[in-house]
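Participant: Can you keep this structure in mind? I'll have questions shortly.
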Amino acid sequence: MANFKGLAIAAALAAGIASGAAAQSVTADFSAAKTPVSPNLYGIFFEDINYAADGGIYGEMVQNRSFEFRQSGKGHTDSWTDRINISGEKGKSRLRATTNGGLNKNNPTFVQFKAEAPGEGFSNKGYKGMFFEAGKTYPGSVYLRSTDGSVTSMTVTIGEDKKGAATATAKINGIGTEWKKYEFSLKAAATTTNGKLALYADQAGTVDVDFVSLFMADIYRNEPNGLRKDLAEMLEAMHPRFIRFPGGCIVHGMNLADRYQWKHTVGPVEERKENRNFWNYQQSYGLGFYEYFRLCEDLGAEPIPVLSVGMAHSGERDDMRNMPNYVQDALDLVEYATGPADSTWGKIRAEAGHPAPFKLNYIGIGNEDCGDDYFPRYKQIADALKAKYPDIKLIISSGFTYNDTNFHSAWNHVRSWEKDKKIKTPIVDLVDEHYYNPALWFLTNGNRYDNLDFYPRDKNAKVFIGEYAAWDDGRHNSLYAALTEAAYMTSIERNGDIIEIASYAPLFARDGFVQWFPDAIWFNSSQVYGTPNYHVQSMFSNNKSDRTIKTTVTQPAGGAAKKASIGGTVGLGSWATTAQFKDIKLTNADTGAVIFASDKNTKMSAFNAATEKGKWSVSGGVINQASMDSPAFNALDNEDDMEGVDNYTLELSAQKTGGAEGFLISFGVKGAKSLYWWNMGGWGNTQSCVEKGSLTGRSIIGDSQAMSLSNGRWYKIKIEVRGESYKCYLDGALIHEFTDSMNFDPLYAHVGETDGGKVIVKLVNVSKDALPVTLNLNGASLASTGKATILTGALDDENSFRRPDQVAPKTESVSGVSSNFTYTVKPYSLTVLELQKK
């Protein structure tokens, strides 16, 4: 569990907010003009990360069922164990992968198993152990042939992965010399979470094996090639209005070869062309676009497929001459989803079992793509889609953070296209904004979409917050992080006329197979639980208003929590770059005293070895960093001396000596867990910004500027820290200026109404005190009783497999409701009041 006791924010939350003695109120004027809230506002983002699909919601239990994986050095038999015997003794026979005469061209690899004796076999444990529940039946299948006719039958078993522990057995008879699919079912006699599937040859001889499948007993809606029931039901309980899929970074891939190509994911499952994904594991594509669309239909959610534009994360770009292929993929996708059953791609959908068209109203073009290469690619695809399907809403990427040069470039292109009279049909309907920021950012940036200058209501393009999450220390799924998101979500709903859709990310994480933290839903082979963040998303989604009521929140007197200053010490660093630093001077701006100054006698002992990364040395007053580490980092070992120093100035000179990027000049350093750094020449030596966070994860704060640094040139750098503000200068020119305000309110609220006659009041209390809040719902005539759904606990509470409901919403009745009544909001809580109009 997270421990926030040492964090400034926790101290502020615990002590910096006044008690509930002072009056606080929420006043809503039902007679004033009301702001419509998008009907699709809250949804989910599904990416195959953290084994969310294979090994996750996809119902297949066998890992590497078609022998196309190559993950752990075993080659194509990865995840399989051979040399076993049905008697429980060690076997002698081995699997050998080959492509000579495979099942089909898309999945050419299969295995030959040469049984040295009857009863020899091989097994698969799935994802570190299959879950079997006593009394439940597990359907399976396998493609087999014995070209010389030596093996005519096999025995299939399931059970615990230990000697002689099979709990169910099935026979496969009549194996011929040509490929044939054989189906079987196995009813588990015992429960285990450490199970395996095993196949044994009944005769000595050779048998070819491919596409070994075993599905879970509990499949959502009993659909063929279906989904794990408990995970799908977690999504169903959220009532999402949309699902964005299949990513995420897997859309563009690390390289073009591993980008997501939707055409590989439809048709018969054994003919889908498998691929390694961005997150460095194999995708079977058993969960493909057909299954995604079917899930959207089951959940009543809008599908939002995202397509590649030929730009990979590594920087690889497909030739622009190949863009017609990407354009055609987009057009074909619409035909696949919505075309008649006798059209080229509609026929493939119909043959899968869905002759009627799916719904398709949105398409994303690119994921986090940015830069000058992106916009002409986007426009080619968008022009073609709008020409043929003008009613489909198109989504453009704005990069990977909320306020850098890529973000502003995207919006500038959108505004330029909106003004271009040659463009008759708008080619951008939504702009996809992504941000993973420190939790406090979400408390202090609730006015982001109130900025009518940047987000005017009269423009065509709306906002899609495609990925967001609050990062607390260690990226925990704590109640604290969830409450900061809830506070921010009150502003999302308040601006539900320009924010059309929004989704938390990522959605799923399989225990033991995680590449990214935090995540909404955690699971293993037999259990699943929602994090506090999941519950916040569910509470907002299940209680969305149709209209926002103009609302004023009066805070407790003196109730704003405040961090005194940025404080900390300073440091040096670089990213994938070698560099030198000299003439370092740190000055107390209040007293003029020099705290540190480098000279020819400076030694590396002045720096904190505990946080050092890279290869550092010093000679003649010049500090040298000689590694390509990302990052290389070194901070002065004087945090104690900097205690109470709120205003200071850092000056130095720095030069690049090699590498791809530039300098990381740090301030506000408090060990490795809390720092700011000026990232100069970041993102391939193209940008300058200030990042805030820790050595293991940071987010951009303030603005971003274009910047490119040259090798062999000394740059003069100055950073002025004044309380909560900083200024960054390069060669005397002011580059960045920002006040990192730590002021935030204890109480956040949204008041809305529904078409069904309900008044929905959302209240977020981030203080340690219960807050008696006067609710002035002027102009609303209400029934005297209502319902409250409450999520509360300790700030650092998290759910777990052992305690899945430590933080979970509870419902209670509310009496004494009127247009003016007082409701006491619990400490550290999200409360949703559901009130009924008379």
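Convention: chains lettered A, B, ... in structure tokens order; per-chain residue numbering from 1; ligands numbered from 1 as shown.
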Stretch 331-380 of chain A: which residues are helix (DSSP H, G or I) by DSSP, as a list in words?
Facilitator: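 The residues of stretch 331-380 of chain A classed as helix (DSSP H, G or I) are Leu331, Asp332, Leu333, Val334, Glu335, Tyr336, Ala337, Thr338, Thr344, Trp345, Gly346, Lys347, Ile348, Arg349, Ala350, Glu351, Tyr374, Phe375, Pro376, Arg377, Tyr378, Lys379 and Gln380 of chain A.
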Participant: In stretch 647-820 of chain A, what's strand (DSSP E or B) per DSSP? Answer as a count of residues only?
Facilitator: 105
Participant: Enter the distance from atom CA of A:Asn647 to atom CA of A:Asp590, in Å, rounded to one decimal.
Facilitator: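 We find that atom CA of A:Asn647 and atom CA of A:Asp590 lie 6.4 Å from each other.
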Participant: Leaving out stretch 146-150 of chain A and any residue of its chain fewer than 3 positions from it, which residues lie within 6 Å of it when counting only C-alpha atoms, given as a CSV table (one decimal) with C-alpha atoms, in the first residue's frame?
Facilitator:
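So the final result, stored in out04.csv, reads:
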chain,number,residue,atom,x,y,z
A,176,GLY,CA,-6.3,-39.2,-40.0
A,177,THR,CA,-3.5,-38.3,-42.4
A,205,GLY,CA,4.5,-42.6,-33.5
A,207,VAL,CA,1.4,-36.6,-34.8
A,208,ASP,CA,1.2,-33.1,-36.1
Participant: Could you pull the residues within 10 Å of A:Pro390, counting only C-alpha atoms, minus those fewer than 5 positions along the same chain, as a list in words?
Facilitator: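 Everything that qualifies: Ala382, Asp383, Ala384, Leu385, Thr425, Pro426 and Ile427 of chain A.
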Participant: Please, could you write that set of residues out with N, CA and C atoms as a tab-separated table (two decimals), in the first residue's frame?
Facilitator:
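See selection-v8.tsv below for the written result:
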chain	number	residue	atom	x	y	z
A	382	ALA	N	-8.68	11.43	-43.61
A	382	ALA	CA	-9.91	12.15	-43.26
A	382	ALA	C	-10.66	12.61	-44.50
A	383	ASP	N	-9.95	13.12	-45.49
A	383	ASP	CA	-10.62	13.58	-46.71
A	383	ASP	C	-11.40	12.44	-47.37
A	384	ALA	N	-10.76	11.27	-47.44
A	384	ALA	CA	-11.42	10.13	-48.08
A	384	ALA	C	-12.62	9.65	-47.28
A	385	LEU	N	-12.50	9.61	-45.97
A	385	LEU	CA	-13.61	9.15	-45.14
A	385	LEU	C	-14.78	10.13	-45.20
A	425	THR	N	-16.52	20.33	-45.72
A	425	THR	CA	-16.96	19.49	-44.60
A	425	THR	C	-15.84	19.43	-43.58
A	426	PRO	N	-16.10	19.79	-42.32
A	426	PRO	CA	-15.03	19.74	-41.32
A	426	PRO	C	-14.38	18.35	-41.26
A	427	ILE	N	-13.07	18.32	-41.26
A	427	ILE	CA	-12.36	17.03	-41.28
A	427	ILE	C	-11.89	16.61	-39.89
Participant: What's the 9 Å shell around A:Thr265, counting only C-alpha atoms, without same-chain residues fewer than 4 positions away, as a VMD selection string?
Facilitator: chain A and resid 260 to 261 269 271 to 274 284 to 290
Participant: Generate a file of the selected residues that holds C-alpha atoms, formatted as a PDB file, in the first residue's frame.
Facilitator:
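Output contents, as saved in part-v7.pdb:
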ATOM      1  CA  TYR A 260      -1.943  -3.110 -35.346  1.00  0.00           C
ATOM      2  CA  GLN A 261      -3.540  -4.060 -38.675  1.00  0.00           C
ATOM      3  CA  VAL A 269      -9.626 -17.318 -35.650  1.00  0.00           C
ATOM      4  CA  GLU A 271      -6.539 -17.842 -39.986  1.00  0.00           C
ATOM      5  CA  ARG A 272      -5.811 -14.565 -38.202  1.00  0.00           C
ATOM      6  CA  LYS A 273      -2.245 -13.391 -38.611  1.00  0.00           C
ATOM      7  CA  GLU A 274      -0.712 -13.150 -35.172  1.00  0.00           C
ATOM      8  CA  SER A 284      -3.240 -14.029 -31.019  1.00  0.00           C
ATOM      9  CA  TYR A 285      -5.955 -11.688 -32.309  1.00  0.00           C
ATOM     10  CA  GLY A 286      -8.546 -14.132 -31.023  1.00  0.00           C
ATOM     11  CA  LEU A 287      -9.958 -10.891 -29.668  1.00  0.00           C
ATOM     12  CA  GLY A 288     -10.104  -8.965 -32.918  1.00  0.00           C
ATOM     13  CA  PHE A 289     -12.205  -6.260 -34.468  1.00  0.00           C
ATOM     14  CA  TYR A 290     -15.237  -8.522 -34.796  1.00  0.00           C
TER      15      TYR A 290
END
Participant: Mind running stretch 459-505 of chain A against stretch 439-442 of chain A at 9 Å and telling me each contacting residue's nearest atom pair with the distance in Å (one decimal), counting only C-alpha atoms, chain and number ascending, as a Markdown table?
Facilitator:
| residue | atom | partner | partner_atom | distance |
| --- | --- | --- | --- | --- |
| A:Ala469 | CA | A:Ala439 | CA | 8.2 |
| A:Ala470 | CA | A:Ala439 | CA | 4.5 |
| A:Trp471 | CA | A:Ala439 | CA | 5.3 |
| A:Asp472 | CA | A:Ala439 | CA | 5.3 |
| A:Asp473 | CA | A:Ala439 | CA | 8.7 |
| A:Tyr480 | CA | A:Ala439 | CA | 7.9 |
| A:Ala481 | CA | A:Ala439 | CA | 5.6 |
| A:Ala482 | CA | A:Ala439 | CA | 8.6 |
| A:Leu483 | CA | A:Ala439 | CA | 8.9 |
| A:Thr484 | CA | A:Phe442 | CA | 5.6 |
| A:Glu485 | CA | A:Phe442 | CA | 6.1 |
| A:Ala486 | CA | A:Phe442 | CA | 8.7 |
| A:Ala487 | CA | A:Phe442 | CA | 7.1 |
| A:Tyr488 | CA | A:Phe442 | CA | 5.4 |
| A:Met489 | CA | A:Phe442 | CA | 8.9 |
Participant: Using only C-alpha atoms, determine which residues lie at most 10 Å from A:Ala28, disregarding the query and same-chain residues fewer than 5 positions distant; provide the list as JSON, numbers by chain.
Facilitator: {"A": [548, 549, 550, 551, 552, 553, 750, 751, 752, 761, 775, 776, 777, 778, 779, 780, 819]}
Participant: Those same residues - N, CA, C and O atoms - I'd like them written as an mmCIF file, in the first residue's frame.
Facilitator:
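Output contents, as saved in result-v2.cif:
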data_model
loop_
_atom_site.group_PDB
_atom_site.id
_atom_site.type_symbol
_atom_site.label_atom_id
_atom_site.label_comp_id
_atom_site.auth_asym_id
_atom_site.auth_seq_id
_atom_site.Cartn_x
_atom_site.Cartn_y
_atom_site.Cartn_z
ATOM 1 N N THR A 548 -25.989 20.356 -17.287
ATOM 2 C CA THR A 548 -25.312 20.953 -16.139
ATOM 3 C C THR A 548 -26.078 22.187 -15.684
ATOM 4 O O THR A 548 -26.462 23.036 -16.498
ATOM 5 N N ILE A 549 -26.279 22.269 -14.377
ATOM 6 C CA ILE A 549 -26.922 23.434 -13.782
ATOM 7 C C ILE A 549 -25.836 24.411 -13.335
ATOM 8 O O ILE A 549 -24.830 24.002 -12.740
ATOM 9 N N LYS A 550 -26.033 25.676 -13.627
ATOM 10 C CA LYS A 550 -25.047 26.684 -13.221
ATOM 11 C C LYS A 550 -24.886 26.650 -11.698
ATOM 12 O O LYS A 550 -25.855 26.804 -10.953
ATOM 13 N N THR A 551 -23.648 26.430 -11.251
ATOM 14 C CA THR A 551 -23.404 26.136 -9.834
ATOM 15 C C THR A 551 -22.243 26.968 -9.302
ATOM 16 O O THR A 551 -21.237 27.165 -9.991
ATOM 17 N N THR A 552 -22.388 27.418 -8.059
ATOM 18 C CA THR A 552 -21.321 28.114 -7.339
ATOM 19 C C THR A 552 -21.008 27.329 -6.076
ATOM 20 O O THR A 552 -21.917 26.926 -5.344
ATOM 21 N N VAL A 553 -19.706 27.111 -5.830
ATOM 22 C CA VAL A 553 -19.268 26.398 -4.631
ATOM 23 C C VAL A 553 -18.571 27.382 -3.707
ATOM 24 O O VAL A 553 -17.599 28.053 -4.098
ATOM 25 N N HIS A 750 -20.524 19.095 -8.664
ATOM 26 C CA HIS A 750 -21.235 19.263 -9.928
ATOM 27 C C HIS A 750 -22.702 18.987 -9.660
ATOM 28 O O HIS A 750 -23.061 18.032 -8.967
ATOM 29 N N VAL A 751 -23.574 19.845 -10.197
ATOM 30 C CA VAL A 751 -25.017 19.651 -10.100
ATOM 31 C C VAL A 751 -25.568 19.554 -11.512
ATOM 32 O O VAL A 751 -25.283 20.410 -12.362
ATOM 33 N N GLY A 752 -26.339 18.506 -11.751
ATOM 34 C CA GLY A 752 -26.941 18.319 -13.062
ATOM 35 C C GLY A 752 -28.324 17.717 -12.933
ATOM 36 O O GLY A 752 -28.758 17.320 -11.839
ATOM 37 N N VAL A 761 -26.275 15.289 -7.785
ATOM 38 C CA VAL A 761 -25.277 16.162 -7.157
ATOM 39 C C VAL A 761 -24.056 15.309 -6.841
ATOM 40 O O VAL A 761 -24.142 14.326 -6.108
ATOM 41 N N LEU A 775 -26.904 22.785 0.583
ATOM 42 C CA LEU A 775 -27.245 22.630 -0.828
ATOM 43 C C LEU A 775 -28.423 23.542 -1.145
ATOM 44 O O LEU A 775 -29.555 23.313 -0.703
ATOM 45 N N ASN A 776 -28.124 24.598 -1.887
ATOM 46 C CA ASN A 776 -29.157 25.534 -2.325
ATOM 47 C C ASN A 776 -29.518 25.200 -3.768
ATOM 48 O O ASN A 776 -28.844 25.641 -4.703
ATOM 49 N N LEU A 777 -30.560 24.405 -3.936
ATOM 50 C CA LEU A 777 -30.966 23.951 -5.267
ATOM 51 C C LEU A 777 -32.158 24.795 -5.707
ATOM 52 O O LEU A 777 -33.307 24.354 -5.761
ATOM 53 N N ASN A 778 -31.828 26.037 -5.998
ATOM 54 C CA ASN A 778 -32.854 27.033 -6.238
ATOM 55 C C ASN A 778 -33.656 26.727 -7.495
ATOM 56 O O ASN A 778 -33.096 26.561 -8.578
ATOM 57 N N GLY A 779 -34.951 26.651 -7.335
ATOM 58 C CA GLY A 779 -35.822 26.393 -8.470
ATOM 59 C C GLY A 779 -36.132 24.932 -8.685
ATOM 60 O O GLY A 779 -36.835 24.578 -9.637
ATOM 61 N N ALA A 780 -35.628 24.065 -7.821
ATOM 62 C CA ALA A 780 -35.886 22.628 -7.948
ATOM 63 C C ALA A 780 -36.887 22.208 -6.874
ATOM 64 O O ALA A 780 -36.662 22.433 -5.687
ATOM 65 N N SER A 819 -35.305 21.966 -1.497
ATOM 66 C CA SER A 819 -34.505 22.836 -2.372
ATOM 67 C C SER A 819 -33.414 23.554 -1.589
ATOM 68 O O SER A 819 -32.535 24.189 -2.185
#
Participant: Excluding A:Asp599 and residues on its chain fewer than 5 positions from it, collect all residues at most 9 Å away from it, counting only C-alpha atoms, and give them as a list of chain:residue names.
Facilitator: A:Lys582, A:Asp583, A:Ile584, A:Gly620, A:Gly621, A:Val622
Participant: Go ahead and dump the residues you just picked, N, CA, C and O atoms, as a PDB file, in the first residue's frame.
Facilitator:
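Dumped to selection34.pdb:
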ATOM      1  N   LYS A 582      29.883  23.344 -15.895  1.00  0.00           N
ATOM      2  CA  LYS A 582      30.884  24.116 -15.158  1.00  0.00           C
ATOM      3  C   LYS A 582      30.237  25.406 -14.643  1.00  0.00           C
ATOM      4  O   LYS A 582      29.095  25.734 -14.969  1.00  0.00           O
ATOM      5  N   ASP A 583      31.019  26.118 -13.827  1.00  0.00           N
ATOM      6  CA  ASP A 583      30.606  27.414 -13.288  1.00  0.00           C
ATOM      7  C   ASP A 583      29.239  27.331 -12.618  1.00  0.00           C
ATOM      8  O   ASP A 583      28.356  28.192 -12.801  1.00  0.00           O
ATOM      9  N   ILE A 584      29.059  26.293 -11.817  1.00  0.00           N
ATOM     10  CA  ILE A 584      27.786  26.088 -11.129  1.00  0.00           C
ATOM     11  C   ILE A 584      27.739  26.979  -9.897  1.00  0.00           C
ATOM     12  O   ILE A 584      28.666  26.994  -9.083  1.00  0.00           O
ATOM     13  N   GLY A 620      39.325  19.746 -12.895  1.00  0.00           N
ATOM     14  CA  GLY A 620      39.555  21.180 -13.084  1.00  0.00           C
ATOM     15  C   GLY A 620      38.300  22.010 -13.024  1.00  0.00           C
ATOM     16  O   GLY A 620      38.190  23.028 -13.720  1.00  0.00           O
ATOM     17  N   GLY A 621      37.327  21.570 -12.242  1.00  0.00           N
ATOM     18  CA  GLY A 621      36.084  22.326 -12.096  1.00  0.00           C
ATOM     19  C   GLY A 621      35.033  22.006 -13.136  1.00  0.00           C
ATOM     20  O   GLY A 621      33.915  22.534 -13.080  1.00  0.00           O
ATOM     21  N   VAL A 622      35.352  21.162 -14.112  1.00  0.00           N
ATOM     22  CA  VAL A 622      34.388  20.762 -15.138  1.00  0.00           C
ATOM     23  C   VAL A 622      33.844  19.376 -14.777  1.00  0.00           C
ATOM     24  O   VAL A 622      34.608  18.428 -14.613  1.00  0.00           O
TER      25      VAL A 622
END
Participant: So which one's closest to A:Leu231, A:Met61, A:Val266, A:Met254, A:Ala53? Using only C-alpha atoms, please.
Facilitator: A:Ala53
Participant: Would you mind telling me which residue in A:Val414, A:Leu331, A:Ala502, A:Ile395 lies nearest to A:Phe540 when using only C-alpha atoms?
Facilitator: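 Of A:Val414, A:Leu331, A:Ala502, A:Ile395, the one nearest A:Phe540 is A:Ala502, counting only C-alpha atoms.
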Participant: Could you tell me how far atom CA of A:Asp161 lies from atom CA of A:Lys92, in Å and to one decimal?
Facilitator: 18.3 Å
Participant: Could you check which of A:Thr789, A:Gln555, A:Asn447, A:Ser710 is closest to A:Leu771, using only C-alpha atoms?
Facilitator: A:Gln555
Participant: Could you check which of A:Lys229, A:Arg241, A:Lys656, A:Lys826 is closest to A:Pro746, using only C-alpha atoms?
Facilitator: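 Of all the options, A:Lys826 lies closest to A:Pro746.
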Participant: Would you compute the distance between atom CA of A:Thr152 and atom CA of A:Val209? Give it in Å to one decimal.
Facilitator: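 So the two atoms, atom CA of A:Thr152 and atom CA of A:Val209, lie 12.9 Å apart.
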